[in-house]
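One structure below.
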Amino acid sequence: MKASDLFVKCLEEEQVEYIFGLPGEETNDLIISLAGSPKIKFILTRHEQGAAFMADVYGRLTQKVGVCLSTLGPGATNLTTGVANANMDRSPLLAITGQTYTDQLHKESHQNMDPITMFEPITKWRWSMRNADSIPEIIRRAFKIALEEKGGAVHLELPQDVAKMESDIKPIGIKEILRPRPNKDLIKKAAKMISDSKMPIILIGNGCIRKNASASLREFVERTCICSINTFMAKGVISDKSERHLQTIGIKEADYALTALKKADLVIAIGYDLVEYSPKNWNGKLKKNIIHIDFTTAEVDTYYPPAIEIAADIEYTIKAILDELEEEKRNNPSLEGFPHKETPDLFKKIKKEVTWRIERFRNDFSYPIKPEKLITDVRNILDEHDIVISDVGAHKLWIAKVYNTYVPNTCLITNGFCSMGFALPGAISAQLVKPKQKVVAMCGDGSFLMNLQEVETAVRLNLPIIIVVWCDYDFGIISLKQSMEFGRSAYTKFNNPDFVKLAESFGAIGYRAKNTEEFSKVLEKARESTTVPVIIAIDVDYSANLILLESSKETY
């Protein structure tokens, strides 16, 4: 069998559905082999960065490895931003790059560079193939590493001459991996600490999204009656409808719910990733009791010293602690710390404050539109299982704080590497994976043009994504931070194209909402599209951005 055919057979064995990318001379053997695959669909993108973002979102939504492909040289360098984004957000991704003939690697040749070294700091593992017989082992290893906790990116390089080799080796099948069980003694200690605490709180992180721990966590919160809070990337693990859920933290200076973390006597951190939100923000005085529950041991951090550290499957661990708490209650009916039936007054006030801040501009029709009103209007036209994907910019902070999320993986926010240009390619991937759900990409006018070319991809694939462009003609958060520190801003302002004409030039539908009332009507029209992308541009009043950056006052 030709090596490139074997490579594709191995990808099929790994249940790959899509490969996102661009062809190139050095990957032509692989591209032709893919063209003959009955199981894998190649999605031609307009830029390798877009391909990597699409693979990233595929990994987030499916819990499988997203795959992107590029040629050597500039194709490989174009992948790096999206690959780094996936790696830091713990999304399983495989980046495949072509390479010139191996007998030319020792000298200067056309587009030749060393991508293995380049990808080293932004991947979990990387390898360059040197013979056809090793392909099954290398691919199986790459997929295992990408999916092992914590998930992330891997990179494989396939030189031209290796792709043309022959091999009789067969693909390696996938074997089921046993999920690690928690230590019984640690479970007992954790249950005792929870029952002894007076004001515990559950801090839910990205790991709970990755391994579908939502159902177990919801049961845990309901039966223990302990209040919860989530990071940006864990929105929806606990529904924002829950009276005991204090919603989202992650903006150090604007977190009214941060008070709950600061006042709690026990923080039960589940799937919490320090890259999402520094523990220094809530444990600056180093006085918190912390229970760490995750698939891996805790990162070493001065401000995150767990009293109990349980590295095991999150779902098994949560159930085991709950069972232990109930066993303790049966043996000691007078036990006060389980369940925590009475929500602390402080937490009730915080929940009321958070809800008020989300709802207060629901009927405000001033223009430019306020961020809260825009987000509320988008929420109103979507079902609970529809998907919002946020790009990076000021709007991301507003979406994280204001967008009510009821189901896991229905509000996707990149919060590790935080790359602009993420939302549009991500929305394309999400619509492919979830064709029955409406997908909305929320983009600032600064981030939208960074991967604008992928509108053509969405049109070509007949994907009815909605793209909402928040317009303020400025890199607003940067401008604001410059003004706060230096008294003025510099080099942050720009002009925008006519978004309606731009959309139409691609074959998409374009709207320019001229007032706030019109925006909700346009959203309803956009939702009716079944095969054509829709771009909606609207001016946004970002005058309240300062609220996101000013230090919050502990008023409770």
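Within each chain, counting starts at residue 1; across the structure tokens, chains are named A, B, ... in the order shown, with ligands numbered 1 upward in that order.
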
Looking only at alpha helix (DSSP H) from DSSP on the backbone, list the matching residues of range 90-241 of chain A as a PyMOL selection string.
chain A and resi 115-119+135-147+160-163+184-196+207-210+214-224

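Residues surrounding range 425-436 of chain A within 6 Å are Gly50, Phe53, Met54, Val57 and Tyr58 of chain A [only C-alpha atoms; sequence separation below 6 positions excluded].
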
All strand (DSSP E) residues (DSSP, backbone) inside range 215-453 of chain A, as a VMD selection string:
chain A and resid 227 to 230 245 to 248 266 to 270 289 to 294 308 to 311 387 to 390 411 to 413 439 to 444

Would you list the contacts of Val388 in chain A as a ChimeraX atom specification, taking every protein, DNA or RNA residue within 9 Å and counting only C-alpha atoms, but skipping same-chain residues closer than 2 positions in sequence?
/A:378-379,386,390,409-413,423,427,438-442

Could you please take those selected residues and save N, CA, C and O atoms as a PDB file, in the first residue's frame?
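Wrote it out as again24.pdb, contents follow:
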ATOM      1  N   VAL A 378     -29.866  38.549  21.083  1.00  0.00           N
ATOM      2  CA  VAL A 378     -29.365  37.314  20.478  1.00  0.00           C
ATOM      3  C   VAL A 378     -29.858  36.101  21.267  1.00  0.00           C
ATOM      4  O   VAL A 378     -30.313  35.101  20.687  1.00  0.00           O
ATOM      5  N   ARG A 379     -29.784  36.194  22.584  1.00  0.00           N
ATOM      6  CA  ARG A 379     -30.265  35.094  23.433  1.00  0.00           C
ATOM      7  C   ARG A 379     -31.743  34.793  23.155  1.00  0.00           C
ATOM      8  O   ARG A 379     -32.167  33.625  23.141  1.00  0.00           O
ATOM      9  N   ASP A 386     -28.802  25.955  20.825  1.00  0.00           N
ATOM     10  CA  ASP A 386     -28.091  26.690  19.784  1.00  0.00           C
ATOM     11  C   ASP A 386     -26.760  27.190  20.327  1.00  0.00           C
ATOM     12  O   ASP A 386     -26.543  27.237  21.544  1.00  0.00           O
ATOM     13  N   SER A 390     -17.820  33.222  20.596  1.00  0.00           N
ATOM     14  CA  SER A 390     -17.310  34.582  20.771  1.00  0.00           C
ATOM     15  C   SER A 390     -15.887  34.710  20.258  1.00  0.00           C
ATOM     16  O   SER A 390     -15.033  33.861  20.532  1.00  0.00           O
ATOM     17  N   ASN A 409     -21.165  23.657  26.200  1.00  0.00           N
ATOM     18  CA  ASN A 409     -20.675  23.812  24.830  1.00  0.00           C
ATOM     19  C   ASN A 409     -21.664  24.524  23.915  1.00  0.00           C
ATOM     20  O   ASN A 409     -21.697  24.294  22.710  1.00  0.00           O
ATOM     21  N   THR A 410     -22.468  25.417  24.484  1.00  0.00           N
ATOM     22  CA  THR A 410     -23.332  26.250  23.648  1.00  0.00           C
ATOM     23  C   THR A 410     -22.918  27.720  23.690  1.00  0.00           C
ATOM     24  O   THR A 410     -23.531  28.551  23.022  1.00  0.00           O
ATOM     25  N   CYS A 411     -21.890  28.026  24.464  1.00  0.00           N
ATOM     26  CA  CYS A 411     -21.267  29.351  24.417  1.00  0.00           C
ATOM     27  C   CYS A 411     -19.762  29.113  24.470  1.00  0.00           C
ATOM     28  O   CYS A 411     -19.203  28.829  25.529  1.00  0.00           O
ATOM     29  N   LEU A 412     -19.125  29.200  23.310  1.00  0.00           N
ATOM     30  CA  LEU A 412     -17.696  28.885  23.203  1.00  0.00           C
ATOM     31  C   LEU A 412     -16.872  30.164  23.255  1.00  0.00           C
ATOM     32  O   LEU A 412     -17.071  31.077  22.450  1.00  0.00           O
ATOM     33  N   ILE A 413     -15.959  30.203  24.211  1.00  0.00           N
ATOM     34  CA  ILE A 413     -15.089  31.358  24.405  1.00  0.00           C
ATOM     35  C   ILE A 413     -13.658  30.858  24.528  1.00  0.00           C
ATOM     36  O   ILE A 413     -13.377  29.969  25.336  1.00  0.00           O
ATOM     37  N   ALA A 423     -13.780  33.277  15.880  1.00  0.00           N
ATOM     38  CA  ALA A 423     -15.216  32.982  15.875  1.00  0.00           C
ATOM     39  C   ALA A 423     -15.762  32.551  14.517  1.00  0.00           C
ATOM     40  O   ALA A 423     -16.552  31.607  14.440  1.00  0.00           O
ATOM     41  N   ALA A 427     -17.368  29.020  13.901  1.00  0.00           N
ATOM     42  CA  ALA A 427     -18.797  28.870  13.606  1.00  0.00           C
ATOM     43  C   ALA A 427     -19.023  27.924  12.432  1.00  0.00           C
ATOM     44  O   ALA A 427     -19.997  27.164  12.408  1.00  0.00           O
ATOM     45  N   LYS A 438     -28.735  26.322  15.356  1.00  0.00           N
ATOM     46  CA  LYS A 438     -28.343  27.617  14.810  1.00  0.00           C
ATOM     47  C   LYS A 438     -27.045  28.034  15.477  1.00  0.00           C
ATOM     48  O   LYS A 438     -26.858  27.890  16.684  1.00  0.00           O
ATOM     49  N   VAL A 439     -26.120  28.549  14.675  1.00  0.00           N
ATOM     50  CA  VAL A 439     -24.802  28.949  15.176  1.00  0.00           C
ATOM     51  C   VAL A 439     -24.594  30.437  14.911  1.00  0.00           C
ATOM     52  O   VAL A 439     -24.782  30.909  13.783  1.00  0.00           O
ATOM     53  N   VAL A 440     -24.201  31.173  15.948  1.00  0.00           N
ATOM     54  CA  VAL A 440     -23.960  32.612  15.848  1.00  0.00           C
ATOM     55  C   VAL A 440     -22.516  32.913  16.209  1.00  0.00           C
ATOM     56  O   VAL A 440     -22.046  32.533  17.287  1.00  0.00           O
ATOM     57  N   ALA A 441     -21.815  33.583  15.304  1.00  0.00           N
ATOM     58  CA  ALA A 441     -20.464  34.068  15.584  1.00  0.00           C
ATOM     59  C   ALA A 441     -20.556  35.529  16.008  1.00  0.00           C
ATOM     60  O   ALA A 441     -21.069  36.365  15.267  1.00  0.00           O
ATOM     61  N   MET A 442     -20.084  35.829  17.193  1.00  0.00           N
ATOM     62  CA  MET A 442     -20.063  37.205  17.696  1.00  0.00           C
ATOM     63  C   MET A 442     -18.651  37.750  17.486  1.00  0.00           C
ATOM     64  O   MET A 442     -17.688  37.281  18.103  1.00  0.00           O
TER      65      MET A 442
END

A:Phe7, A:Phe365, A:Trp398, A:Trp356 ranked by distance to Ser134 in chain A, top pick (using only C-alpha atoms)
A:Phe7

Pick from A:Lys401, A:Lys241, A:Lys501, A:Arg210, whichever lies nearest to Glu384 in chain A using only C-alpha atoms:
A:Lys241

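In this comparison, which uses only C-alpha atoms, the residue of A:Thr231, A:Ser520, A:Thr224, A:Asn515 approaching Asp323 in chain A most closely is A:Thr224.
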
Find the residues near Lys39 in chain A: any atom within 12 Å, counting only C-alpha atoms, skip ones fewer than 6 places away on the same chain, and give them as a PyMOL selection string.
chain A and resi 8-19+33

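Neighbouring residues of Cys443 in chain A at 8 Å or closer, counting only C-alpha atoms and skipping chain neighbours under 6 positions away, are A:Ser390, A:Asp391, A:Val392, A:His395, A:Ala423, A:Leu424, A:Ile467, A:Val468, A:Val469, A:Trp470.
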
To one decimal place in Å, what is the distance between CA of Leu6 in chain A and CA of Pro115 in chain A?
22.7 Å

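Closest approach to Ala298 in chain A among A:Val534, A:Leu274, A:Met118, A:Ala95 is made by A:Leu274 (distances from only C-alpha atoms).
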
Within 9 Å of Lys351 in chain A, counting only C-alpha atoms, which residues qualify if same-chain residues fewer than 3 places away don't, as a PyMOL selection string?
chain A and resi 243-247+257+346-348+354-356

Dump of all heavy atoms for the selected residues, as an mmCIF file, in the first residue's frame:
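Result saved to result-v8.cif:
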data_model
loop_
_atom_site.group_PDB
_atom_site.id
_atom_site.type_symbol
_atom_site.label_atom_id
_atom_site.label_comp_id
_atom_site.auth_asym_id
_atom_site.auth_seq_id
_atom_site.Cartn_x
_atom_site.Cartn_y
_atom_site.Cartn_z
ATOM 1 N N GLU A 243 -30.874 28.808 40.704
ATOM 2 C CA GLU A 243 -30.822 29.855 41.721
ATOM 3 C C GLU A 243 -29.536 29.799 42.535
ATOM 4 O O GLU A 243 -29.130 30.787 43.134
ATOM 5 C CB GLU A 243 -32.046 29.736 42.654
ATOM 6 C CG GLU A 243 -33.349 30.188 42.020
ATOM 7 C CD GLU A 243 -33.305 31.639 41.592
ATOM 8 O OE1 GLU A 243 -32.825 32.488 42.361
ATOM 9 O OE2 GLU A 243 -33.739 31.929 40.458
ATOM 10 N N ARG A 244 -28.907 28.641 42.560
ATOM 11 C CA ARG A 244 -27.678 28.490 43.341
ATOM 12 C C ARG A 244 -26.424 28.702 42.500
ATOM 13 O O ARG A 244 -25.324 28.568 43.013
ATOM 14 C CB ARG A 244 -27.643 27.111 43.999
ATOM 15 C CG ARG A 244 -28.661 26.945 45.111
ATOM 16 C CD ARG A 244 -28.524 25.596 45.784
ATOM 17 N NE ARG A 244 -29.488 25.446 46.861
ATOM 18 C CZ ARG A 244 -29.278 25.808 48.119
ATOM 19 N NH1 ARG A 244 -28.134 26.353 48.467
ATOM 20 N NH2 ARG A 244 -30.201 25.631 49.032
ATOM 21 N N HIS A 245 -26.623 28.993 41.226
ATOM 22 C CA HIS A 245 -25.451 29.206 40.359
ATOM 23 C C HIS A 245 -25.199 30.702 40.202
ATOM 24 O O HIS A 245 -26.049 31.447 39.695
ATOM 25 C CB HIS A 245 -25.681 28.564 38.995
ATOM 26 C CG HIS A 245 -24.458 28.586 38.120
ATOM 27 N ND1 HIS A 245 -23.248 28.080 38.538
ATOM 28 C CD2 HIS A 245 -24.253 29.079 36.872
ATOM 29 C CE1 HIS A 245 -22.352 28.249 37.577
ATOM 30 N NE2 HIS A 245 -22.928 28.852 36.567
ATOM 31 N N LEU A 246 -24.017 31.137 40.608
ATOM 32 C CA LEU A 246 -23.682 32.564 40.606
ATOM 33 C C LEU A 246 -23.038 33.005 39.298
ATOM 34 O O LEU A 246 -22.516 34.109 39.203
ATOM 35 C CB LEU A 246 -22.757 32.875 41.790
ATOM 36 C CG LEU A 246 -23.265 32.396 43.156
ATOM 37 C CD1 LEU A 246 -22.303 32.807 44.260
ATOM 38 C CD2 LEU A 246 -24.661 32.924 43.437
ATOM 39 N N GLN A 247 -23.050 32.118 38.325
ATOM 40 C CA GLN A 247 -22.675 32.383 36.946
ATOM 41 C C GLN A 247 -21.180 32.552 36.737
ATOM 42 O O GLN A 247 -20.398 31.801 37.306
ATOM 43 C CB GLN A 247 -23.569 33.487 36.372
ATOM 44 C CG GLN A 247 -25.027 33.057 36.446
ATOM 45 C CD GLN A 247 -26.020 33.936 35.738
ATOM 46 O OE1 GLN A 247 -27.106 34.102 36.217
ATOM 47 N NE2 GLN A 247 -25.712 34.474 34.596
ATOM 48 N N ALA A 257 -19.389 38.505 41.395
ATOM 49 C CA ALA A 257 -19.450 37.169 41.979
ATOM 50 C C ALA A 257 -18.120 36.755 42.597
ATOM 51 O O ALA A 257 -18.061 35.771 43.334
ATOM 52 C CB ALA A 257 -19.877 36.165 40.919
ATOM 53 N N LEU A 346 -25.331 36.339 51.564
ATOM 54 C CA LEU A 346 -24.379 36.981 50.657
ATOM 55 C C LEU A 346 -24.530 36.437 49.246
ATOM 56 O O LEU A 346 -24.587 37.183 48.271
ATOM 57 C CB LEU A 346 -22.952 36.751 51.145
ATOM 58 C CG LEU A 346 -21.835 37.095 50.159
ATOM 59 C CD1 LEU A 346 -21.791 38.596 49.888
ATOM 60 C CD2 LEU A 346 -20.485 36.606 50.669
ATOM 61 N N PHE A 347 -24.634 35.123 49.126
ATOM 62 C CA PHE A 347 -24.734 34.503 47.810
ATOM 63 C C PHE A 347 -26.065 34.853 47.149
ATOM 64 O O PHE A 347 -26.137 35.015 45.927
ATOM 65 C CB PHE A 347 -24.575 32.989 47.930
ATOM 66 C CG PHE A 347 -23.181 32.539 48.294
ATOM 67 C CD1 PHE A 347 -22.163 33.473 48.519
ATOM 68 C CD2 PHE A 347 -22.866 31.195 48.425
ATOM 69 C CE1 PHE A 347 -20.880 33.068 48.858
ATOM 70 C CE2 PHE A 347 -21.589 30.775 48.759
ATOM 71 C CZ PHE A 347 -20.591 31.726 48.984
ATOM 72 N N LYS A 348 -27.122 34.959 47.940
ATOM 73 C CA LYS A 348 -28.420 35.371 47.394
ATOM 74 C C LYS A 348 -28.337 36.779 46.815
ATOM 75 O O LYS A 348 -28.869 37.064 45.737
ATOM 76 C CB LYS A 348 -29.490 35.323 48.479
ATOM 77 C CG LYS A 348 -29.880 33.932 48.932
ATOM 78 C CD LYS A 348 -30.928 33.999 50.035
ATOM 79 C CE LYS A 348 -31.311 32.610 50.533
ATOM 80 N NZ LYS A 348 -32.288 32.672 51.647
ATOM 81 N N VAL A 354 -26.165 39.842 39.908
ATOM 82 C CA VAL A 354 -25.757 39.330 38.602
ATOM 83 C C VAL A 354 -26.944 39.322 37.645
ATOM 84 O O VAL A 354 -26.838 39.753 36.489
ATOM 85 C CB VAL A 354 -25.154 37.914 38.736
ATOM 86 C CG1 VAL A 354 -24.983 37.267 37.374
ATOM 87 C CG2 VAL A 354 -23.816 37.973 39.460
ATOM 88 N N THR A 355 -28.089 38.850 38.120
ATOM 89 C CA THR A 355 -29.301 38.803 37.279
ATOM 90 C C THR A 355 -29.722 40.193 36.865
ATOM 91 O O THR A 355 -30.081 40.433 35.698
ATOM 92 C CB THR A 355 -30.437 38.105 38.039
ATOM 93 O OG1 THR A 355 -30.014 36.787 38.405
ATOM 94 C CG2 THR A 355 -31.678 38.006 37.174
ATOM 95 N N TRP A 356 -29.673 41.141 37.787
ATOM 96 C CA TRP A 356 -30.070 42.520 37.470
ATOM 97 C C TRP A 356 -29.152 43.124 36.416
ATOM 98 O O TRP A 356 -29.622 43.793 35.488
ATOM 99 C CB TRP A 356 -30.034 43.373 38.744
ATOM 100 C CG TRP A 356 -30.283 44.835 38.468
ATOM 101 C CD1 TRP A 356 -31.471 45.439 38.203
ATOM 102 C CD2 TRP A 356 -29.285 45.864 38.398
ATOM 103 N NE1 TRP A 356 -31.284 46.788 37.972
ATOM 104 C CE2 TRP A 356 -29.961 47.077 38.094
ATOM 105 C CE3 TRP A 356 -27.903 45.892 38.561
ATOM 106 C CZ2 TRP A 356 -29.274 48.284 37.957
ATOM 107 C CZ3 TRP A 356 -27.235 47.095 38.428
ATOM 108 C CH2 TRP A 356 -27.914 48.272 38.135
#

10 Å contact set for Tyr277 in chain A, only C-alpha atoms, chain neighbours under 5 positions out, as JSON, numbers by chain:
{"A": [205, 231, 232, 249, 250, 251, 252, 272, 282, 415, 416]}

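Using only C-alpha atoms for every distance, the candidate list A:Ala544, A:Glu528, A:Ile535, A:Thr71 yields A:Ile535 as the residue closest to Phe499 in chain A.
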
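Going from CA of Asn85 in chain A to CA of Cys418 in chain A covers 6.8 Å.
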
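Nearest to Asp240 in chain A of all the residues A:Ile358, A:Ile478, A:Met88, A:Ile268 is A:Ile358, counting only C-alpha atoms.
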